[in-house]
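Scroll down for the structure; my scribbles are underneath it.
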There are 2 protein chains.
Amino acid sequence: MADGLNMSRRIRRTPYTDRVEAAGVRGFSVVNHMLLPKAFQTTVEEDYWHLRTHVQIWDVSCQRQVEISGPDAARLVQWMTPRNIGNAKPGDCLYVPIIDDAAGLINDPVLLKLAEDRFWLSIADSDVLLYAKGLAIGAGMDLCIQEPDVSPLAIQGPKSEALMTDLFGSKIRDLGFFKFGWFDFQGTTQLIARSGYSRQGGFEIYLNDTVLGPALWDAIWVAGQPYNISPGCPNLIERIEGGLLSYGNEMTRDNNPLEIGLGKFCTLDGSVEYVGRKALEDIAAVGPAQHIRGVIFGGGPCPICATPWPVMVDGQKVGQITSAIWSPRLKANVGLSMIESSYEYAGQSVVVWAGDRQDRFGHVSDFPM
Amino acid sequence: MADGLNMSRRIRRTPYTDRVEAAGVRGFSVVNHMLLPKAFQTTVEEDYWHLRTHVQIWDVSCQRQVEISGPDAARLVQWMTPRNIGNAKPGDCLYVPIIDDAAGLINDPVLLKLAEDRFWLSIADSDVLLYAKGLAIGAGMDLCIQEPDVSPLAIQGPKSEALMTDLFGSKIRDLGFFKFGWFDFQGTTQLIARSGYSRQGGFEIYLNDTVLGPALWDAIWVAGQPYNISPGCPNLIERIEGGLLSYGNEMTRDNNPLEIGLGKFCTLDGSVEYVGRKALEDIAAVGPAQHIRGVIFGGGPCPICATPWPVMVDGQKVGQITSAIWSPRLKANVGLSMIESSYEYAGQSVVVWAGDRQDRFGHVSDFPM
């Protein structure tokens, strides 16, 4: 945490912000013009161990939904992503890269198929709604694109299934990974998915009524007491070790999905038509010039990574680190790094320049670190 | 300033952030995924009087440029706004509402016409680039849409012309309001406009090379010493008194340009084709149901307005305040408010509920307050 954040209506509060403040939030980030809690009373290290051991409640309302519905909905969604969504069924969640005409990444949302003609894109930090509206207006498609009153609350950690079973019944155990179902909350029907921005297991409740926010938070908080629940947020140590990427940090429009390990979600045989297909096929034909990789490096706990740090081999820059932090488990720093293809193999020795005028020695690593 | 802001690459630093930090910045906001300084060592009141008396240097790099160029550039830009841009000439700045197919506001940028086939949209806080790309891809237009390396630095206040003349020569005095020209800075050519987000007069330098940021800041800082220059930022008191609106605060996609006083920029006679024309004409035919107005109200200095506050007449809600602060000059609070058309007349008595359980008595006002 470096400086103060000035509040205004433009930086939107969430249905849970009152509770988050009561829980002692110390810092926020801003995602999709909305507050994302980023620090509470405990340290990132304490939160890391807690997340791996117990269960946490996260306000991730900033994962806004872009709802696309109508006769042309499936056609527009398919046009926006190289991933073939033709076999998706209602109840499926799909991680879908969205690219522009040059195959540059616009976002990396989770797609929720609600019905054959109704979808949510649960987005990272860019205005996908405006892109979708532009495409639809430009192409004269018949559909409705809006941001519904839906604010996800994440329950993450190894005890999340037990807690969610207490609250929503044993049916929740049948939910497969990246599947969603409909569950009762105080007489309302809510979408719950087995998903979340950690590798520790968990669920996301897509609450569809702002007014219910405090009641949902309180119900989970009370039910979570036997499981040692704590307020939390995406944990930087855990997500870097697990190789979870963040749009705007690890990737921008300067990157393509093949570079960030999403080749398996890219249709390259011409069987699906989407924006950027030609550009992506051209990149695939020669192979991407760089890949996202882990880097483990020393030199003591590193500073906050707010600008890309050079990754060096033999005095030449071969990549950049875009997120990094000290890992108490590995007793070294861990970073997410875009590395040139010739240097991307696990074990490759590198030097990291973290902006503090020292050579930090390390090596490239597979995920999870 | 309420809480900490967690830094990461996604919340982009600007060419001037190092200097802003050296100048003692205490708080930021986030606009277009970029840092906007919002508080320095002095109070908002002290900054207000300083801005009205001397000259200030503001890092407004977050006013990102969406560059649209190519054979279809003029056609796309016109399609994005109800304002007729047919008579604009290179060197003109135009305030252009951008609307969607329902006439909802997507942004309210300043358009800079660089050439017949090259434009910048200097944007408020939404990803206009993605909307423009969507429209262009959807409609199969032939053009290039990108965010160039351009970071505006604003010089605002009554002494700005004298300072700018010292730095860039007397030619700058010939620049009309909302016109731009090209000027030399250390052997480079930079776009300078007579414009800015205050009513105190001033200029914006659209620096086109990040590397030059510190040098430009330093040159202005040194030249500004005789004029009592200080680091600053858009001043909440000054902008509310002057009726300067902020996208995301006073307006969202739920609002149309007629409501926010931009009727004079809306072509309603069918002579220009643009997205949302039918919807806007329908609204114009019956007249907008509400208008942006000033409200002056008492009850002592109000809290920070982070959610809309009800504006009441005879126990009925007739509007909402979206930005408000204590004015030391008027010795009352000033607010920007969307007010139902029946109650929008200057002098209308209102009660404001600022979330602190008291009735604050006031009245509707024209701009400037």
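Naming works like this for the structure tokens: A, B, ... for the chains as they're shown, residue 1 at the start of each chain, ligands 1 onward in shown order.
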Sel. of strand (DSSP E or B) residues, range 66-246 of chain B, as JSON, numbers by chain: {"B": [66, 67, 68, 69, 92, 93, 94, 95, 98, 99, 105, 106, 107, 110, 111, 112, 113, 114, 115, 118, 119, 120, 121, 122, 144, 145, 146, 151, 152, 153, 154, 155, 156, 179, 180, 181, 182, 183, 184, 185, 188, 189, 190, 191, 192, 193, 202, 203, 204, 205, 206, 207, 230, 231, 232]}
Interface list for chain B, partner chain A, 6 Å threshold, only C-alpha atoms, as a ChimeraX atom specification: /B:1,3-10,27-29,127,130-131,134-135,138-139,248-249,306-307
Running DSSP on the backbone, which parts of range 141-225 of chain A land in alpha helix (DSSP H), as a PDB file with C-alpha atoms, in the first residue's frame?
ATOM      1  CA  SER A 160     -15.165 -23.748   1.656  1.00  0.00           C
ATOM      2  CA  GLU A 161     -17.101 -26.878   0.665  1.00  0.00           C
ATOM      3  CA  ALA A 162     -18.017 -27.699   4.240  1.00  0.00           C
ATOM      4  CA  LEU A 163     -19.138 -24.138   4.871  1.00  0.00           C
ATOM      5  CA  MET A 164     -21.154 -23.921   1.654  1.00  0.00           C
ATOM      6  CA  THR A 165     -22.805 -27.295   2.403  1.00  0.00           C
ATOM      7  CA  ASP A 166     -23.946 -25.979   5.773  1.00  0.00           C
ATOM      8  CA  LEU A 167     -25.489 -22.960   4.072  1.00  0.00           C
ATOM      9  CA  PHE A 168     -26.837 -24.313   0.787  1.00  0.00           C
ATOM     10  CA  GLY A 213     -25.482  -7.970  -0.027  1.00  0.00           C
ATOM     11  CA  PRO A 214     -25.192  -7.402   3.722  1.00  0.00           C
ATOM     12  CA  ALA A 215     -27.530 -10.339   4.495  1.00  0.00           C
ATOM     13  CA  LEU A 216     -25.470 -12.705   2.339  1.00  0.00           C
ATOM     14  CA  TRP A 217     -22.213 -11.515   3.860  1.00  0.00           C
ATOM     15  CA  ASP A 218     -23.621 -11.909   7.381  1.00  0.00           C
ATOM     16  CA  ALA A 219     -25.042 -15.396   6.716  1.00  0.00           C
ATOM     17  CA  ILE A 220     -21.673 -16.602   5.452  1.00  0.00           C
ATOM     18  CA  TRP A 221     -19.830 -14.890   8.253  1.00  0.00           C
ATOM     19  CA  VAL A 222     -21.968 -16.581  10.918  1.00  0.00           C
ATOM     20  CA  ALA A 223     -21.866 -19.991   9.247  1.00  0.00           C
TER      21      ALA A 223
END
Between CA of Ala124 in chain B and CA of Gly24 in chain B - distance in Å to one decimal: 25.1 Å
For Val364 in chain A, the nearest of the candidates A:Gly294, A:Gly70, A:Pro328, A:Pro152, counting only C-alpha atoms: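 With only C-alpha atoms as the atom set, the closest residue is A:Gly294.
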Could you give me chain A least-squares fitted onto chain B (all C-alpha atoms, paired in order), as a short mmCIF file (atom, residue, chain, number, x, y, z; two decimals) with C-alpha atoms, in the first residue's frame?
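Output file superposed-v5.cif follows:
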data_model
loop_
_atom_site.label_atom_id
_atom_site.label_comp_id
_atom_site.auth_asym_id
_atom_site.auth_seq_id
_atom_site.Cartn_x
_atom_site.Cartn_y
_atom_site.Cartn_z
CA MET A 1 -9.10 10.43 1.29
CA ALA A 2 -10.49 7.34 2.87
CA ASP A 3 -8.20 4.36 2.39
CA GLY A 4 -5.05 3.03 0.83
CA LEU A 5 -4.57 2.30 -2.86
CA ASN A 6 -2.68 -0.88 -3.68
CA MET A 7 -0.23 -0.37 -6.53
CA SER A 8 0.33 -2.73 -9.46
CA ARG A 9 1.28 -2.47 -13.12
CA ARG A 10 -2.44 -2.57 -14.01
CA ILE A 11 -2.90 0.82 -12.31
CA ARG A 12 -0.48 2.52 -14.70
CA ARG A 13 2.05 5.11 -13.62
CA THR A 14 2.48 8.17 -15.86
CA PRO A 15 5.55 9.96 -17.31
CA TYR A 16 5.17 12.42 -14.42
CA THR A 17 4.48 10.08 -11.48
CA ASP A 18 8.06 10.24 -10.19
CA ARG A 19 7.80 14.05 -10.06
CA VAL A 20 4.33 13.95 -8.55
CA GLU A 21 5.63 11.72 -5.78
CA ALA A 22 8.62 14.00 -5.22
CA ALA A 23 6.14 16.89 -4.96
CA GLY A 24 4.45 15.14 -2.04
CA VAL A 25 1.30 13.61 -3.49
CA ARG A 26 -0.97 12.25 -0.75
CA GLY A 27 -3.78 10.66 -2.73
CA PHE A 28 -4.72 9.31 -6.14
CA SER A 29 -7.75 8.34 -8.08
CA VAL A 30 -7.74 5.83 -10.95
CA VAL A 31 -8.96 6.90 -14.40
CA ASN A 32 -8.54 4.81 -17.54
CA HIS A 33 -6.42 2.28 -15.61
CA MET A 34 -3.95 5.07 -14.73
CA LEU A 35 -3.03 7.14 -11.68
CA LEU A 36 -4.61 10.59 -11.33
CA PRO A 37 -3.11 12.64 -8.46
CA LYS A 38 -5.89 14.00 -6.26
CA ALA A 39 -4.26 15.52 -3.19
CA PHE A 40 -0.96 17.14 -2.27
CA GLN A 41 0.28 18.71 0.94
CA THR A 42 -2.24 21.55 0.99
CA THR A 43 -5.98 21.36 1.59
CA VAL A 44 -8.61 21.41 -1.17
CA GLU A 45 -9.53 24.92 0.02
CA GLU A 46 -5.96 26.19 -0.16
CA ASP A 47 -5.61 24.66 -3.64
CA TYR A 48 -8.87 26.31 -4.67
CA TRP A 49 -7.66 29.81 -3.81
CA HIS A 50 -4.25 29.10 -5.31
CA LEU A 51 -5.79 27.90 -8.59
CA ARG A 52 -7.92 31.05 -8.83
CA THR A 53 -4.91 33.31 -8.16
CA HIS A 54 -1.72 31.78 -9.53
CA VAL A 55 -0.86 28.81 -11.77
CA GLN A 56 -0.75 25.04 -11.26
CA ILE A 57 0.76 22.00 -12.97
CA TRP A 58 -1.49 18.96 -13.21
CA ASP A 59 -0.65 15.39 -14.26
CA VAL A 60 -3.70 14.51 -16.35
CA SER A 61 -2.04 11.72 -18.33
CA CYS A 62 -5.11 9.62 -17.56
CA GLN A 63 -6.88 11.62 -20.27
CA ARG A 64 -5.70 8.94 -22.70
CA GLN A 65 -5.94 9.50 -26.45
CA VAL A 66 -7.86 7.15 -28.70
CA GLU A 67 -6.25 7.74 -32.08
CA ILE A 68 -8.45 6.97 -35.07
CA SER A 69 -6.76 7.25 -38.44
CA GLY A 70 -7.23 5.98 -41.95
CA PRO A 71 -9.62 6.36 -44.88
CA ASP A 72 -12.74 5.76 -42.76
CA ALA A 73 -11.62 7.79 -39.73
CA ALA A 74 -13.92 10.78 -40.20
CA ARG A 75 -16.84 8.48 -40.93
CA LEU A 76 -16.30 6.47 -37.73
CA VAL A 77 -15.84 9.54 -35.51
CA GLN A 78 -19.01 11.13 -36.89
CA TRP A 79 -20.87 7.87 -36.34
CA MET A 80 -19.83 7.90 -32.66
CA THR A 81 -21.25 11.35 -31.78
CA PRO A 82 -24.43 13.37 -32.35
CA ARG A 83 -22.29 16.50 -32.75
CA ASN A 84 -21.80 17.50 -36.38
CA ILE A 85 -18.06 17.42 -36.97
CA GLY A 86 -18.35 18.14 -40.68
CA ASN A 87 -17.05 21.71 -40.38
CA ALA A 88 -14.20 20.97 -37.96
CA LYS A 89 -10.73 21.94 -39.17
CA PRO A 90 -7.30 20.65 -38.15
CA GLY A 91 -6.38 22.57 -35.00
CA ASP A 92 -9.91 22.42 -33.56
CA CYS A 93 -10.87 20.86 -30.23
CA LEU A 94 -14.52 19.81 -29.92
CA TYR A 95 -16.39 18.57 -26.86
CA VAL A 96 -18.23 15.53 -28.23
CA PRO A 97 -20.71 13.35 -26.35
CA ILE A 98 -20.40 9.70 -27.39
CA ILE A 99 -23.59 7.68 -27.06
CA ASP A 100 -24.78 4.12 -27.57
CA ASP A 101 -27.80 2.88 -29.49
CA ALA A 102 -30.13 3.87 -26.62
CA ALA A 103 -28.57 7.39 -26.50
CA GLY A 104 -26.82 6.49 -23.23
CA LEU A 105 -23.55 8.30 -22.64
CA ILE A 106 -20.43 6.21 -23.17
CA ASN A 107 -17.98 9.06 -22.67
CA ASP A 108 -17.67 12.85 -23.07
CA PRO A 109 -14.22 13.34 -24.61
CA VAL A 110 -12.58 16.27 -26.33
CA LEU A 111 -12.04 15.54 -30.01
CA LEU A 112 -8.82 16.88 -31.54
CA LYS A 113 -8.81 16.95 -35.32
CA LEU A 114 -5.19 16.41 -36.33
CA ALA A 115 -5.84 15.97 -40.05
CA GLU A 116 -8.73 15.12 -42.34
CA ASP A 117 -8.07 11.43 -41.71
CA ARG A 118 -6.59 11.49 -38.18
CA PHE A 119 -8.29 12.26 -34.86
CA TRP A 120 -7.67 11.96 -31.14
CA LEU A 121 -10.44 11.42 -28.62
CA SER A 122 -9.08 12.70 -25.30
CA ILE A 123 -11.23 10.59 -23.04
CA ALA A 124 -12.87 10.47 -19.63
CA ASP A 125 -13.02 7.22 -17.67
CA SER A 126 -14.24 4.45 -19.99
CA ASP A 127 -12.59 2.27 -22.63
CA VAL A 128 -13.65 4.22 -25.71
CA LEU A 129 -10.91 2.45 -27.65
CA LEU A 130 -12.76 -0.86 -27.26
CA TYR A 131 -16.06 0.69 -28.35
CA ALA A 132 -14.43 2.25 -31.42
CA LYS A 133 -12.69 -1.02 -32.26
CA GLY A 134 -15.95 -2.91 -31.92
CA LEU A 135 -17.81 -0.51 -34.21
CA ALA A 136 -15.03 -0.56 -36.80
CA ILE A 137 -14.64 -4.34 -36.81
CA GLY A 138 -18.40 -4.87 -36.82
CA ALA A 139 -18.93 -2.50 -39.74
CA GLY A 140 -15.81 -3.60 -41.61
CA MET A 141 -14.22 -0.13 -41.69
CA ASP A 142 -10.69 0.49 -42.94
CA LEU A 143 -8.80 2.29 -40.20
CA CYS A 144 -6.25 2.11 -37.41
CA ILE A 145 -7.32 2.55 -33.78
CA GLN A 146 -4.67 2.77 -31.10
CA GLU A 147 -3.61 4.45 -27.87
CA PRO A 148 -0.52 6.53 -28.74
CA ASP A 149 2.22 7.45 -26.24
CA VAL A 150 0.60 10.81 -25.41
CA SER A 151 0.24 12.05 -21.84
CA PRO A 152 -1.36 15.45 -21.25
CA LEU A 153 0.08 17.82 -18.67
CA ALA A 154 -2.23 20.71 -17.75
CA ILE A 155 -1.14 24.24 -16.84
CA GLN A 156 -4.14 25.95 -15.22
CA GLY A 157 -4.81 29.28 -13.53
CA PRO A 158 -4.79 33.00 -14.39
CA LYS A 159 -1.01 33.16 -14.67
CA SER A 160 -0.81 30.21 -17.06
CA GLU A 161 -0.57 32.36 -20.20
CA ALA A 162 2.36 34.33 -18.88
CA LEU A 163 4.16 31.16 -17.86
CA MET A 164 3.49 29.40 -21.16
CA THR A 165 4.65 32.49 -23.11
CA ASP A 166 7.95 32.41 -21.25
CA LEU A 167 8.40 28.76 -22.19
CA PHE A 168 6.94 28.51 -25.69
CA GLY A 169 7.05 32.07 -27.05
CA SER A 170 4.44 34.72 -27.73
CA LYS A 171 2.85 32.64 -30.49
CA ILE A 172 1.02 30.79 -27.75
CA ARG A 173 -1.01 33.93 -27.02
CA ASP A 174 -2.63 33.64 -30.46
CA LEU A 175 -4.10 30.25 -29.57
CA GLY A 176 -7.90 30.60 -29.27
CA PHE A 177 -9.98 28.74 -26.67
CA PHE A 178 -10.35 25.06 -27.65
CA LYS A 179 -7.76 25.44 -30.41
CA PHE A 180 -4.41 23.68 -30.59
CA GLY A 181 -1.08 24.29 -32.28
CA TRP A 182 2.37 22.69 -32.51
CA PHE A 183 5.24 24.02 -30.41
CA ASP A 184 8.89 23.18 -29.88
CA PHE A 185 10.08 21.55 -26.68
CA GLN A 186 13.79 20.72 -26.53
CA GLY A 187 13.89 19.99 -30.24
CA THR A 188 10.66 17.97 -30.29
CA THR A 189 7.28 19.09 -31.63
CA GLN A 190 4.42 18.96 -29.15
CA LEU A 191 0.71 19.62 -29.40
CA ILE A 192 -0.53 22.33 -27.03
CA ALA A 193 -4.20 23.27 -26.65
CA ARG A 194 -5.87 26.14 -24.84
CA SER A 195 -8.12 23.96 -22.73
CA GLY A 196 -8.35 22.20 -19.37
CA TYR A 197 -10.63 20.97 -16.63
CA SER A 198 -11.06 24.30 -14.80
CA ARG A 199 -12.72 27.65 -15.40
CA GLN A 200 -9.53 29.59 -14.60
CA GLY A 201 -7.96 29.44 -18.06
CA GLY A 202 -4.99 27.41 -19.14
CA PHE A 203 -3.36 24.97 -21.49
CA GLU A 204 -2.84 21.26 -21.97
CA ILE A 205 0.44 19.93 -23.36
CA TYR A 206 -0.12 16.59 -25.09
CA LEU A 207 3.41 15.26 -24.57
CA ASN A 208 4.09 12.58 -27.18
CA ASP A 209 7.07 10.79 -25.59
CA THR A 210 7.04 9.24 -22.12
CA VAL A 211 10.78 9.65 -21.80
CA LEU A 212 10.45 13.46 -21.90
CA GLY A 213 8.01 13.57 -18.97
CA PRO A 214 10.41 14.54 -16.19
CA ALA A 215 12.15 17.13 -18.41
CA LEU A 216 8.84 18.78 -19.30
CA TRP A 217 7.70 18.81 -15.69
CA ASP A 218 11.03 20.30 -14.57
CA ALA A 219 11.05 22.99 -17.30
CA ILE A 220 7.58 24.13 -16.29
CA TRP A 221 8.41 23.96 -12.62
CA VAL A 222 11.48 26.18 -13.04
CA ALA A 223 9.74 28.65 -15.34
CA GLY A 224 6.77 28.74 -12.97
CA GLN A 225 8.68 29.91 -9.91
CA PRO A 226 8.10 33.66 -10.62
CA TYR A 227 4.38 32.87 -10.88
CA ASN A 228 4.13 30.99 -7.61
CA ILE A 229 3.43 27.66 -9.35
CA SER A 230 2.26 24.68 -7.31
CA PRO A 231 1.48 21.03 -8.08
CA GLY A 232 -2.25 20.49 -8.33
CA CYS A 233 -5.09 18.51 -9.78
CA PRO A 234 -8.68 19.07 -10.82
CA ASN A 235 -10.12 20.97 -7.84
CA LEU A 236 -13.44 19.65 -6.58
CA ILE A 237 -14.67 23.03 -5.29
CA GLU A 238 -13.75 24.87 -8.46
CA ARG A 239 -15.17 22.29 -10.84
CA ILE A 240 -18.48 21.99 -8.99
CA GLU A 241 -18.94 25.77 -8.78
CA GLY A 242 -18.12 25.97 -12.48
CA GLY A 243 -20.48 23.16 -13.45
CA LEU A 244 -17.77 20.94 -14.92
CA LEU A 245 -19.10 17.38 -15.11
CA SER A 246 -17.24 14.12 -14.52
CA TYR A 247 -18.13 10.96 -16.43
CA GLY A 248 -18.97 8.21 -13.94
CA ASN A 249 -20.00 10.78 -11.35
CA GLU A 250 -22.58 13.13 -12.86
CA MET A 251 -23.35 10.91 -15.84
CA THR A 252 -23.33 7.23 -16.78
CA ARG A 253 -24.88 5.17 -19.56
CA ASP A 254 -28.19 5.79 -17.80
CA ASN A 255 -28.02 9.43 -18.91
CA ASN A 256 -28.38 11.07 -22.31
CA PRO A 257 -26.60 14.21 -23.57
CA LEU A 258 -29.77 16.33 -23.45
CA GLU A 259 -29.98 15.82 -19.68
CA ILE A 260 -26.47 17.07 -19.07
CA GLY A 261 -26.81 20.28 -21.01
CA LEU A 262 -25.24 19.13 -24.28
CA GLY A 263 -28.34 19.72 -26.41
CA LYS A 264 -26.44 22.35 -28.37
CA PHE A 265 -24.02 19.67 -29.52
CA CYS A 266 -26.74 17.25 -30.62
CA THR A 267 -27.83 17.16 -34.24
CA LEU A 268 -31.55 16.42 -34.19
CA ASP A 269 -32.65 17.37 -37.71
CA GLY A 270 -31.52 14.15 -39.38
CA SER A 271 -28.70 15.86 -41.27
CA VAL A 272 -26.05 13.66 -39.68
CA GLU A 273 -26.11 9.89 -39.17
CA TYR A 274 -24.83 8.53 -35.85
CA VAL A 275 -25.38 5.66 -33.42
CA GLY A 276 -28.39 6.36 -31.20
CA ARG A 277 -29.95 8.99 -33.48
CA LYS A 278 -33.47 7.55 -33.32
CA ALA A 279 -33.33 7.16 -29.54
CA LEU A 280 -32.03 10.69 -29.05
CA GLU A 281 -34.67 12.17 -31.36
CA ASP A 282 -37.36 10.33 -29.41
CA ILE A 283 -36.07 11.80 -26.14
CA ALA A 284 -35.88 15.27 -27.69
CA ALA A 285 -39.44 15.02 -28.95
CA VAL A 286 -40.88 14.78 -25.43
CA GLY A 287 -38.03 16.65 -23.71
CA PRO A 288 -35.61 15.15 -21.18
CA ALA A 289 -37.17 14.23 -17.84
CA GLN A 290 -34.30 15.70 -15.79
CA HIS A 291 -31.40 18.14 -16.08
CA ILE A 292 -28.04 18.68 -14.49
CA ARG A 293 -28.18 21.62 -12.06
CA GLY A 294 -26.27 23.14 -9.21
CA VAL A 295 -27.49 22.86 -5.63
CA ILE A 296 -26.31 25.17 -2.83
CA PHE A 297 -27.07 23.79 0.62
CA GLY A 298 -26.22 24.24 4.28
CA GLY A 299 -25.85 22.15 7.41
CA GLY A 300 -22.10 22.65 7.71
CA PRO A 301 -19.40 21.01 5.59
CA CYS A 302 -20.83 17.85 4.02
CA PRO A 303 -19.19 14.39 3.97
CA ILE A 304 -17.49 12.93 0.88
CA CYS A 305 -20.12 12.07 -1.72
CA ALA A 306 -19.31 8.48 -2.72
CA THR A 307 -22.89 7.39 -3.46
CA PRO A 308 -25.73 9.53 -4.83
CA TRP A 309 -27.57 11.61 -2.22
CA PRO A 310 -31.34 12.15 -2.50
CA VAL A 311 -32.58 15.67 -3.23
CA MET A 312 -36.06 16.12 -1.74
CA VAL A 313 -38.98 18.51 -2.27
CA ASP A 314 -42.01 18.17 0.01
CA GLY A 315 -40.88 14.73 1.11
CA GLN A 316 -40.56 13.42 -2.47
CA LYS A 317 -37.27 12.58 -4.13
CA VAL A 318 -36.81 14.86 -7.15
CA GLY A 319 -33.15 14.30 -7.89
CA GLN A 320 -29.75 13.19 -6.71
CA ILE A 321 -26.44 14.83 -5.91
CA THR A 322 -23.39 13.02 -7.27
CA SER A 323 -20.53 15.39 -6.34
CA ALA A 324 -20.50 17.87 -3.46
CA ILE A 325 -18.14 19.82 -1.23
CA TRP A 326 -17.98 22.87 1.02
CA SER A 327 -17.32 26.11 -0.85
CA PRO A 328 -15.25 28.54 1.23
CA ARG A 329 -16.23 31.41 -1.08
CA LEU A 330 -19.99 30.81 -0.85
CA LYS A 331 -19.78 29.61 2.76
CA ALA A 332 -22.16 26.79 1.84
CA ASN A 333 -21.99 23.37 0.26
CA VAL A 334 -22.15 23.15 -3.52
CA GLY A 335 -23.33 20.08 -5.38
CA LEU A 336 -23.92 18.81 -8.89
CA SER A 337 -27.36 17.32 -9.18
CA MET A 338 -29.65 15.67 -11.69
CA ILE A 339 -33.06 17.23 -10.97
CA GLU A 340 -36.50 16.38 -12.38
CA SER A 341 -37.59 18.95 -14.93
CA SER A 342 -40.48 20.26 -12.82
CA TYR A 343 -38.08 21.28 -10.04
CA GLU A 344 -35.03 22.44 -11.95
CA TYR A 345 -35.52 26.21 -11.75
CA ALA A 346 -33.00 28.38 -9.93
CA GLY A 347 -34.25 29.19 -6.48
CA GLN A 348 -36.31 26.00 -6.04
CA SER A 349 -36.08 25.03 -2.36
CA VAL A 350 -34.76 21.53 -1.70
CA VAL A 351 -33.63 19.32 1.15
CA VAL A 352 -30.45 17.28 0.72
CA TRP A 353 -29.86 13.97 2.50
CA ALA A 354 -26.10 13.54 2.68
CA GLY A 355 -26.18 10.23 4.52
CA ASP A 356 -25.57 11.76 7.94
CA ARG A 357 -29.16 11.77 9.19
CA GLN A 358 -29.86 15.49 8.96
CA ASP A 359 -32.03 17.61 6.66
CA ARG A 360 -29.78 20.03 4.82
CA PHE A 361 -31.76 22.96 3.40
CA GLY A 362 -30.79 24.53 0.12
CA HIS A 363 -31.85 25.61 -3.34
CA VAL A 364 -31.28 24.88 -7.02
CA SER A 365 -28.77 27.17 -8.77
CA ASP A 366 -27.57 28.08 -12.24
CA PHE A 367 -23.89 27.67 -13.20
CA PRO A 368 -21.45 29.05 -12.35
CA MET A 369 -22.44 28.95 -8.69
#
